[in-house]
>>> print(open('input-v9.pdb').read())   # PDB, C-alpha atoms, pLDDT in the B column
ATOM      1  CA  MET A 268     129.952  55.914  75.748  1.00 54.00           C
ATOM      2  CA  ILE A 269     128.282  57.611  78.750  1.00 54.00           C
ATOM      3  CA  GLN A 270     131.317  56.981  80.943  1.00 58.00           C
ATOM      4  CA  SER A 271     133.554  58.574  78.290  1.00 54.00           C
ATOM      5  CA  LEU A 272     131.223  61.556  78.034  1.00 50.00           C
ATOM      6  CA  ASN A 273     131.156  62.013  81.834  1.00 54.00           C
ATOM      7  CA  HIS A 274     134.956  61.919  81.927  1.00 52.00           C
ATOM      8  CA  SER A 275     135.156  64.602  79.233  1.00 55.00           C
ATOM      9  CA  ILE A 276     132.625  66.808  81.024  1.00 56.00           C
ATOM     10  CA  THR A 277     134.497  66.694  84.329  1.00 69.00           C
ATOM     11  CA  LYS A 278     137.741  67.389  82.527  1.00 91.00           C
ATOM     12  CA  CYS A 279     136.454  70.571  80.798  1.00 96.00           C
ATOM     13  CA  ARG A 280     135.108  73.812  82.225  1.00 97.00           C
ATOM     14  CA  VAL A 281     133.543  76.875  80.611  1.00 98.00           C
ATOM     15  CA  GLY A 282     133.872  80.465  81.827  1.00 98.00           C
ATOM     16  CA  LEU A 283     132.256  83.762  80.872  1.00 98.00           C
ATOM     17  CA  GLY A 284     133.720  87.219  81.394  1.00 98.00           C
ATOM     18  CA  LEU A 285     132.303  90.683  80.839  1.00 98.00           C
ATOM     19  CA  ASP A 286     133.895  94.113  81.311  1.00 98.00           C
ATOM     20  CA  PHE A 287     133.181  97.771  80.523  1.00 97.00           C
ATOM     21  CA  HIS A 288     135.237 100.940  80.895  1.00 97.00           C
ATOM     22  CA  ARG A 289     134.532 104.588  80.170  1.00 97.00           C
ATOM     23  CA  LEU A 290     136.399 106.360  77.334  1.00 97.00           C
ATOM     24  CA  VAL A 291     138.268 109.517  78.381  1.00 97.00           C
ATOM     25  CA  ALA A 292     140.758 111.942  76.878  1.00 96.00           C
ATOM     26  CA  GLU A 293     144.495 111.699  77.568  1.00 94.00           C
ATOM     27  CA  ARG A 294     144.591 107.928  78.049  1.00 96.00           C
ATOM     28  CA  PRO A 295     145.915 105.376  75.557  1.00 96.00           C
ATOM     29  CA  LEU A 296     143.434 102.887  74.092  1.00 98.00           C
ATOM     30  CA  VAL A 297     144.692  99.360  74.747  1.00 98.00           C
ATOM     31  CA  LEU A 298     142.741  96.261  73.708  1.00 98.00           C
ATOM     32  CA  GLY A 299     144.117  92.735  73.789  1.00 98.00           C
ATOM     33  CA  GLY A 300     147.467  94.228  74.752  1.00 98.00           C
ATOM     34  CA  VAL A 301     147.632  96.282  71.551  1.00 98.00           C
ATOM     35  CA  ARG A 302     147.779 100.062  71.596  1.00 98.00           C
ATOM     36  CA  ILE A 303     145.245 101.439  69.124  1.00 98.00           C
ATOM     37  CA  PRO A 304     145.518 104.971  67.748  1.00 97.00           C
ATOM     38  CA  TYR A 305     142.424 106.831  68.918  1.00 97.00           C
ATOM     39  CA  ALA A 306     141.606 110.203  70.477  1.00 96.00           C
ATOM     40  CA  LYS A 307     140.477 108.586  73.744  1.00 97.00           C
ATOM     41  CA  GLY A 308     141.465 105.709  75.968  1.00 97.00           C
ATOM     42  CA  LEU A 309     139.813 103.634  78.651  1.00 97.00           C
ATOM     43  CA  LEU A 310     139.669 104.842  82.238  1.00 96.00           C
ATOM     44  CA  GLY A 311     140.712 102.419  84.937  1.00 94.00           C
ATOM     45  CA  HIS A 312     143.180 101.600  87.681  1.00 92.00           C
ATOM     46  CA  SER A 313     145.259  99.497  85.266  1.00 94.00           C
ATOM     47  CA  ASP A 314     145.544 100.127  81.521  1.00 96.00           C
ATOM     48  CA  ALA A 315     141.780  99.326  81.491  1.00 97.00           C
ATOM     49  CA  ASP A 316     142.068  96.789  78.659  1.00 98.00           C
ATOM     50  CA  VAL A 317     138.451  95.543  78.650  1.00 98.00           C
ATOM     51  CA  LEU A 318     139.211  92.637  76.322  1.00 98.00           C
ATOM     52  CA  THR A 319     141.964  91.263  78.537  1.00 98.00           C
ATOM     53  CA  HIS A 320     139.909  91.906  81.687  1.00 98.00           C
ATOM     54  CA  ALA A 321     136.935  89.975  80.274  1.00 98.00           C
ATOM     55  CA  LEU A 322     139.315  87.150  79.340  1.00 98.00           C
ATOM     56  CA  CYS A 323     140.822  87.088  82.849  1.00 98.00           C
ATOM     57  CA  ASP A 324     137.349  86.898  84.387  1.00 98.00           C
ATOM     58  CA  ALA A 325     136.290  84.119  82.010  1.00 98.00           C
ATOM     59  CA  LEU A 326     139.359  82.047  82.878  1.00 98.00           C
ATOM     60  CA  LEU A 327     139.107  82.662  86.618  1.00 98.00           C
ATOM     61  CA  GLY A 328     135.403  81.846  86.554  1.00 98.00           C
ATOM     62  CA  ALA A 329     135.946  78.619  84.647  1.00 98.00           C
ATOM     63  CA  ALA A 330     138.547  77.574  87.200  1.00 97.00           C
ATOM     64  CA  GLY A 331     136.329  78.528  90.145  1.00 97.00           C
ATOM     65  CA  LEU A 332     138.938  81.032  91.319  1.00 97.00           C
ATOM     66  CA  GLY A 333     136.830  84.154  91.738  1.00 96.00           C
ATOM     67  CA  ASP A 334     137.256  87.243  89.587  1.00 96.00           C
ATOM     68  CA  ILE A 335     139.810  89.812  88.510  1.00 95.00           C
ATOM     69  CA  GLY A 336     138.815  92.241  91.285  1.00 94.00           C
ATOM     70  CA  THR A 337     139.500  89.608  93.943  1.00 94.00           C
ATOM     71  CA  HIS A 338     142.999  88.867  92.657  1.00 95.00           C
ATOM     72  CA  PHE A 339     143.987  92.369  91.480  1.00 94.00           C
ATOM     73  CA  PRO A 340     141.942  94.901  93.505  1.00 90.00           C
ATOM     74  CA  ASP A 341     141.908  98.520  92.387  1.00 89.00           C
ATOM     75  CA  THR A 342     142.647  99.466  95.994  1.00 91.00           C
ATOM     76  CA  ASN A 343     146.135  97.976  95.656  1.00 91.00           C
ATOM     77  CA  GLU A 344     148.628 100.514  94.297  1.00 90.00           C
ATOM     78  CA  ARG A 345     150.760  97.628  93.006  1.00 91.00           C
ATOM     79  CA  TYR A 346     148.294  97.329  90.122  1.00 90.00           C
ATOM     80  CA  HIS A 347     148.010 101.054  89.354  1.00 92.00           C
ATOM     81  CA  GLY A 348     148.762 101.523  85.644  1.00 90.00           C
ATOM     82  CA  ILE A 349     149.729  97.860  85.205  1.00 94.00           C
ATOM     83  CA  GLU A 350     149.575  96.338  81.748  1.00 97.00           C
ATOM     84  CA  SER A 351     146.603  93.960  81.733  1.00 97.00           C
ATOM     85  CA  LEU A 352     148.603  91.328  79.841  1.00 98.00           C
ATOM     86  CA  ARG A 353     150.697  90.999  83.016  1.00 97.00           C
ATOM     87  CA  LEU A 354     147.503  90.271  84.947  1.00 98.00           C
ATOM     88  CA  LEU A 355     146.535  87.672  82.328  1.00 98.00           C
ATOM     89  CA  ASP A 356     149.938  86.050  82.695  1.00 98.00           C
ATOM     90  CA  GLN A 357     149.361  85.779  86.457  1.00 98.00           C
ATOM     91  CA  VAL A 358     145.919  84.251  85.826  1.00 98.00           C
ATOM     92  CA  ILE A 359     147.518  81.622  83.561  1.00 98.00           C
ATOM     93  CA  THR A 360     149.995  80.855  86.351  1.00 98.00           C
ATOM     94  CA  LEU A 361     147.079  80.370  88.786  1.00 98.00           C
ATOM     95  CA  LEU A 362     145.364  78.006  86.349  1.00 98.00           C
ATOM     96  CA  SER A 363     148.585  76.073  85.826  1.00 97.00           C
ATOM     97  CA  GLN A 364     148.970  75.665  89.594  1.00 97.00           C
ATOM     98  CA  GLU A 365     145.472  74.127  89.612  1.00 96.00           C
ATOM     99  CA  GLY A 366     146.436  71.731  86.810  1.00 97.00           C
ATOM    100  CA  LEU A 367     144.340  73.588  84.227  1.00 98.00           C
ATOM    101  CA  ARG A 368     145.112  74.863  80.739  1.00 98.00           C
ATOM    102  CA  VAL A 369     143.278  76.895  78.130  1.00 98.00           C
ATOM    103  CA  VAL A 370     141.657  75.081  75.202  1.00 98.00           C
ATOM    104  CA  ASN A 371     140.182  78.078  73.388  1.00 98.00           C
ATOM    105  CA  VAL A 372     138.675  81.543  73.861  1.00 98.00           C
ATOM    106  CA  ASP A 373     136.107  83.550  71.936  1.00 98.00           C
ATOM    107  CA  ALA A 374     135.630  87.266  72.556  1.00 98.00           C
ATOM    108  CA  THR A 375     133.562  90.151  71.261  1.00 98.00           C
ATOM    109  CA  VAL A 376     134.430  93.808  71.787  1.00 98.00           C
ATOM    110  CA  ILE A 377     131.497  96.234  71.787  1.00 98.00           C
ATOM    111  CA  ALA A 378     132.602  99.648  70.508  1.00 97.00           C
ATOM    112  CA  GLN A 379     130.979 102.206  68.260  1.00 95.00           C
ATOM    113  CA  GLU A 380     134.442 103.271  67.163  1.00 94.00           C
ATOM    114  CA  PRO A 381     137.284 102.860  66.250  1.00 96.00           C
ATOM    115  CA  LYS A 382     137.268  99.985  63.753  1.00 95.00           C
ATOM    116  CA  LEU A 383     139.125  97.115  65.437  1.00 97.00           C
ATOM    117  CA  ALA A 384     139.445  94.321  62.855  1.00 96.00           C
ATOM    118  CA  PRO A 385     142.837  95.557  61.552  1.00 97.00           C
ATOM    119  CA  TYR A 386     144.281  95.057  65.059  1.00 98.00           C
ATOM    120  CA  PHE A 387     142.989  91.517  65.626  1.00 98.00           C
ATOM    121  CA  PRO A 388     146.072  89.726  64.223  1.00 98.00           C
ATOM    122  CA  ALA A 389     148.359  91.592  66.661  1.00 98.00           C
ATOM    123  CA  MET A 390     145.948  90.914  69.535  1.00 98.00           C
ATOM    124  CA  ARG A 391     145.855  87.204  68.683  1.00 98.00           C
ATOM    125  CA  THR A 392     149.649  87.062  68.647  1.00 97.00           C
ATOM    126  CA  LYS A 393     149.944  88.674  72.079  1.00 98.00           C
ATOM    127  CA  LEU A 394     147.151  86.627  73.645  1.00 98.00           C
ATOM    128  CA  ALA A 395     148.270  83.310  72.113  1.00 98.00           C
ATOM    129  CA  GLY A 396     151.742  83.769  73.564  1.00 98.00           C
ATOM    130  CA  ILE A 397     150.409  84.223  77.094  1.00 98.00           C
ATOM    131  CA  LEU A 398     147.666  81.589  76.824  1.00 98.00           C
ATOM    132  CA  HIS A 399     150.063  79.020  75.289  1.00 98.00           C
ATOM    133  CA  ILE A 400     147.601  78.124  72.543  1.00 98.00           C
ATOM    134  CA  PRO A 401     147.673  78.450  68.734  1.00 98.00           C
ATOM    135  CA  HIS A 402     146.286  81.626  67.150  1.00 96.00           C
ATOM    136  CA  ASP A 403     143.392  79.727  65.583  1.00 97.00           C
ATOM    137  CA  ARG A 404     142.002  78.926  69.029  1.00 98.00           C
ATOM    138  CA  ILE A 405     141.360  82.613  69.683  1.00 98.00           C
ATOM    139  CA  GLY A 406     138.181  84.055  68.218  1.00 98.00           C
ATOM    140  CA  LEU A 407     138.017  87.856  68.124  1.00 98.00           C
ATOM    141  CA  LYS A 408     135.100  89.887  66.872  1.00 98.00           C
ATOM    142  CA  ALA A 409     133.828  93.430  67.186  1.00 97.00           C
ATOM    143  CA  THR A 410     130.342  94.847  67.054  1.00 97.00           C
ATOM    144  CA  THR A 411     128.641  98.160  67.682  1.00 95.00           C
ATOM    145  CA  SER A 412     125.538  98.778  69.749  1.00 92.00           C
ATOM    146  CA  GLU A 413     123.951 100.480  66.728  1.00 91.00           C
ATOM    147  CA  GLY A 414     124.155 103.887  68.390  1.00 90.00           C
ATOM    148  CA  MET A 415     122.142 102.787  71.433  1.00 92.00           C
ATOM    149  CA  GLY A 416     123.138 103.640  74.995  1.00 92.00           C
ATOM    150  CA  ALA A 417     126.460 104.779  76.412  1.00 93.00           C
ATOM    151  CA  LEU A 418     128.494 102.446  74.191  1.00 90.00           C
ATOM    152  CA  GLY A 419     126.580 103.667  71.141  1.00 90.00           C
ATOM    153  CA  ARG A 420     127.410 107.254  72.063  1.00 91.00           C
ATOM    154  CA  SER A 421     131.117 106.267  72.243  1.00 91.00           C
ATOM    155  CA  GLU A 422     131.224 106.922  75.980  1.00 94.00           C
ATOM    156  CA  GLY A 423     132.842 103.554  76.643  1.00 97.00           C
ATOM    157  CA  ILE A 424     133.862 100.164  75.329  1.00 98.00           C
ATOM    158  CA  GLY A 425     132.787  96.741  76.533  1.00 98.00           C
ATOM    159  CA  ALA A 426     133.977  93.195  75.968  1.00 98.00           C
ATOM    160  CA  MET A 427     132.668  89.726  76.623  1.00 98.00           C
ATOM    161  CA  CYS A 428     134.589  86.504  76.478  1.00 98.00           C
ATOM    162  CA  ILE A 429     133.879  82.827  76.812  1.00 98.00           C
ATOM    163  CA  CYS A 430     136.585  80.231  77.337  1.00 98.00           C
ATOM    164  CA  LEU A 431     137.060  76.512  77.592  1.00 98.00           C
ATOM    165  CA  ILE A 432     139.698  75.136  79.934  1.00 98.00           C
ATOM    166  CA  GLU A 433     140.640  71.549  80.742  1.00 98.00           C
ATOM    167  CA  ARG A 434     142.653  69.540  83.206  1.00 95.00           C
ATOM    168  CA  ALA A 435     146.219  69.353  81.970  1.00 86.00           C
TER     169      ALA A 435
END
>>> encode(input="input-v9.pdb", output="structure tokens")
Amino acid sequence: MIQSLNHSITKCRVGLGLDFHRLVAERPLVLGGVRIPYAKGLLGHSDADVLTHALCDALLGAAGLGDIGTHFPDTNERYHGIESLRLLDQVITLLSQEGLRVVNVDATVIAQEPKLAPYFPAMRTKLAGILHIPHDRIGLKATTSEGMGALGRSEGIGAMCICLIERA
């Protein structure tokens, strides 16, 4: 029993990712690869998709491969305006090269507004396709900060994600 448990533990890894971006006018709001109608969007070198960035960091961390800034630095013009789903696809390629695959992910977006639940099915579809996992292995939730702080004043949006990966 203990030997079986030790084998399972060394086969699986957990990662945690966290990201925040400021909301500004004249930028599209993109979360989980889905464009959401809203008066403001997230400021960043890429499309600033905090959900996808947190997911990338969780996966890279679980694999022991650093973070999103190491692989896709904002000083590199190649990534200026890039769709974050393309970055996620590259992260999945890195994991695959290490013999790793995604088991499941669970993410929470922290935003005072807009309401995000109607967009979760589309986000799951996009993310599942890149992660190569079924939709039901992707947990998506949203919460507010109850009006507290910068996120509560709708100055930005944050996301956190946890993932489980395993040796393929």
>>> resolve_selection(input="input-v9.pdb", expression="the PyMOL selection byres ((chain A and resi 289) around 9)", output="ChimeraX atom specification")
/A:287-288,290-291,308-311,417-418,421-425
>>> closest_residue(input="input-v9.pdb", among="A:Leu355, A:Leu383, A:Leu332, A:Leu367", to="Arg302 of chain A", atoms="all atoms listed in the file")
A:Leu383
>>> resolve_selection(input="input-v9.pdb", expression="the PyMOL selection byres ((chain A and resi 427) around 12)", output="VMD selection string")
chain A and resid 282 to 287 316 to 326 372 to 378 406 to 410 424 to 426 428 to 430
>>> resolve_selection(input="input-v9.pdb", expression="the PyMOL selection byres ((chain A and resi 387-393) around 7)", output="PyMOL selection string")
chain A and resi 299-301+383-386+394-397+402+405+407
>>> write_last_selection(input="input-v9.pdb", atoms="C-alpha atoms", output="compact mmCIF listing (two decimals), keeping the file's coordinate frame")
# COMPACT_ATOMS: atom_id res chain seq x y z
CA GLY A 299 144.12 92.74 73.79
CA GLY A 300 147.47 94.23 74.75
CA VAL A 301 147.63 96.28 71.55
CA LEU A 383 139.12 97.12 65.44
CA ALA A 384 139.44 94.32 62.86
CA PRO A 385 142.84 95.56 61.55
CA TYR A 386 144.28 95.06 65.06
CA LEU A 394 147.15 86.63 73.64
CA ALA A 395 148.27 83.31 72.11
CA GLY A 396 151.74 83.77 73.56
CA ILE A 397 150.41 84.22 77.09
CA HIS A 402 146.29 81.63 67.15
CA ILE A 405 141.36 82.61 69.68
CA LEU A 407 138.02 87.86 68.12
>>> closest_residue(input="input-v9.pdb", among="A:Leu398, A:Ala315, A:Val369, A:Ile432", to="Ala329 of chain A", atoms="only C-alpha atoms")
A:Ile432
>>> axis_aligned_box(input="input-v9.pdb", around="segment 389-399 of chain A", padding_each_side="6 Å", output="AutoDock Vina command-line options")
--center_x 148.8 --center_y 85.3 --center_z 71.9 --size_x 17.9 --size_y 24.6 --size_z 22.4
>>> atom_distance(input="input-v9.pdb", atom1="atom CA of Arg294 of chain A", atom2="atom CA of Tyr346 of chain A")
16.5 Å
>>> atom_distance(input="input-v9.pdb", atom1="atom CA of Phe339 of chain A", atom2="atom CA of Arg434 of chain A")
24.3 Å
>>> closest_residue(input="input-v9.pdb", among="A:Arg368, A:Lys382, A:His312, A:Arg404", to="His347 of chain A", atoms="all atoms listed in the file")
A:His312
>>> atom_distance(input="input-v9.pdb", atom1="atom CA of Leu327 of chain A", atom2="atom CA of Thr360 of chain A")
11.0 Å
>>> closest_residue(input="input-v9.pdb", among="A:Lys278, A:Arg420, A:His399, A:Arg353", to="Asp314 of chain A", atoms="only C-alpha atoms")
A:Arg353
>>> residues_around(input="input-v9.pdb", residues="Gly419 of chain A", least_positions_apart="6", cutoff="10 Å", atoms="all atoms listed in the file", output="mmCIF file with C-alpha atoms, in the coordinates of the input")
data_model
loop_
_atom_site.group_PDB
_atom_site.id
_atom_site.type_symbol
_atom_site.label_atom_id
_atom_site.label_comp_id
_atom_site.auth_asym_id
_atom_site.auth_seq_id
_atom_site.Cartn_x
_atom_site.Cartn_y
_atom_site.Cartn_z
ATOM 1 C CA ILE A 377 131.497 96.234 71.787
ATOM 2 C CA ALA A 378 132.602 99.648 70.508
ATOM 3 C CA GLN A 379 130.979 102.206 68.260
ATOM 4 C CA GLU A 380 134.442 103.271 67.163
ATOM 5 C CA THR A 411 128.641 98.160 67.682
ATOM 6 C CA SER A 412 125.538 98.778 69.749
ATOM 7 C CA GLU A 413 123.951 100.480 66.728
#
>>> closest_residue(input="input-v9.pdb", among="A:Val297, A:Arg280, A:Asp356, A:Asn371", to="Gly331 of chain A", atoms="only C-alpha atoms")
A:Arg280
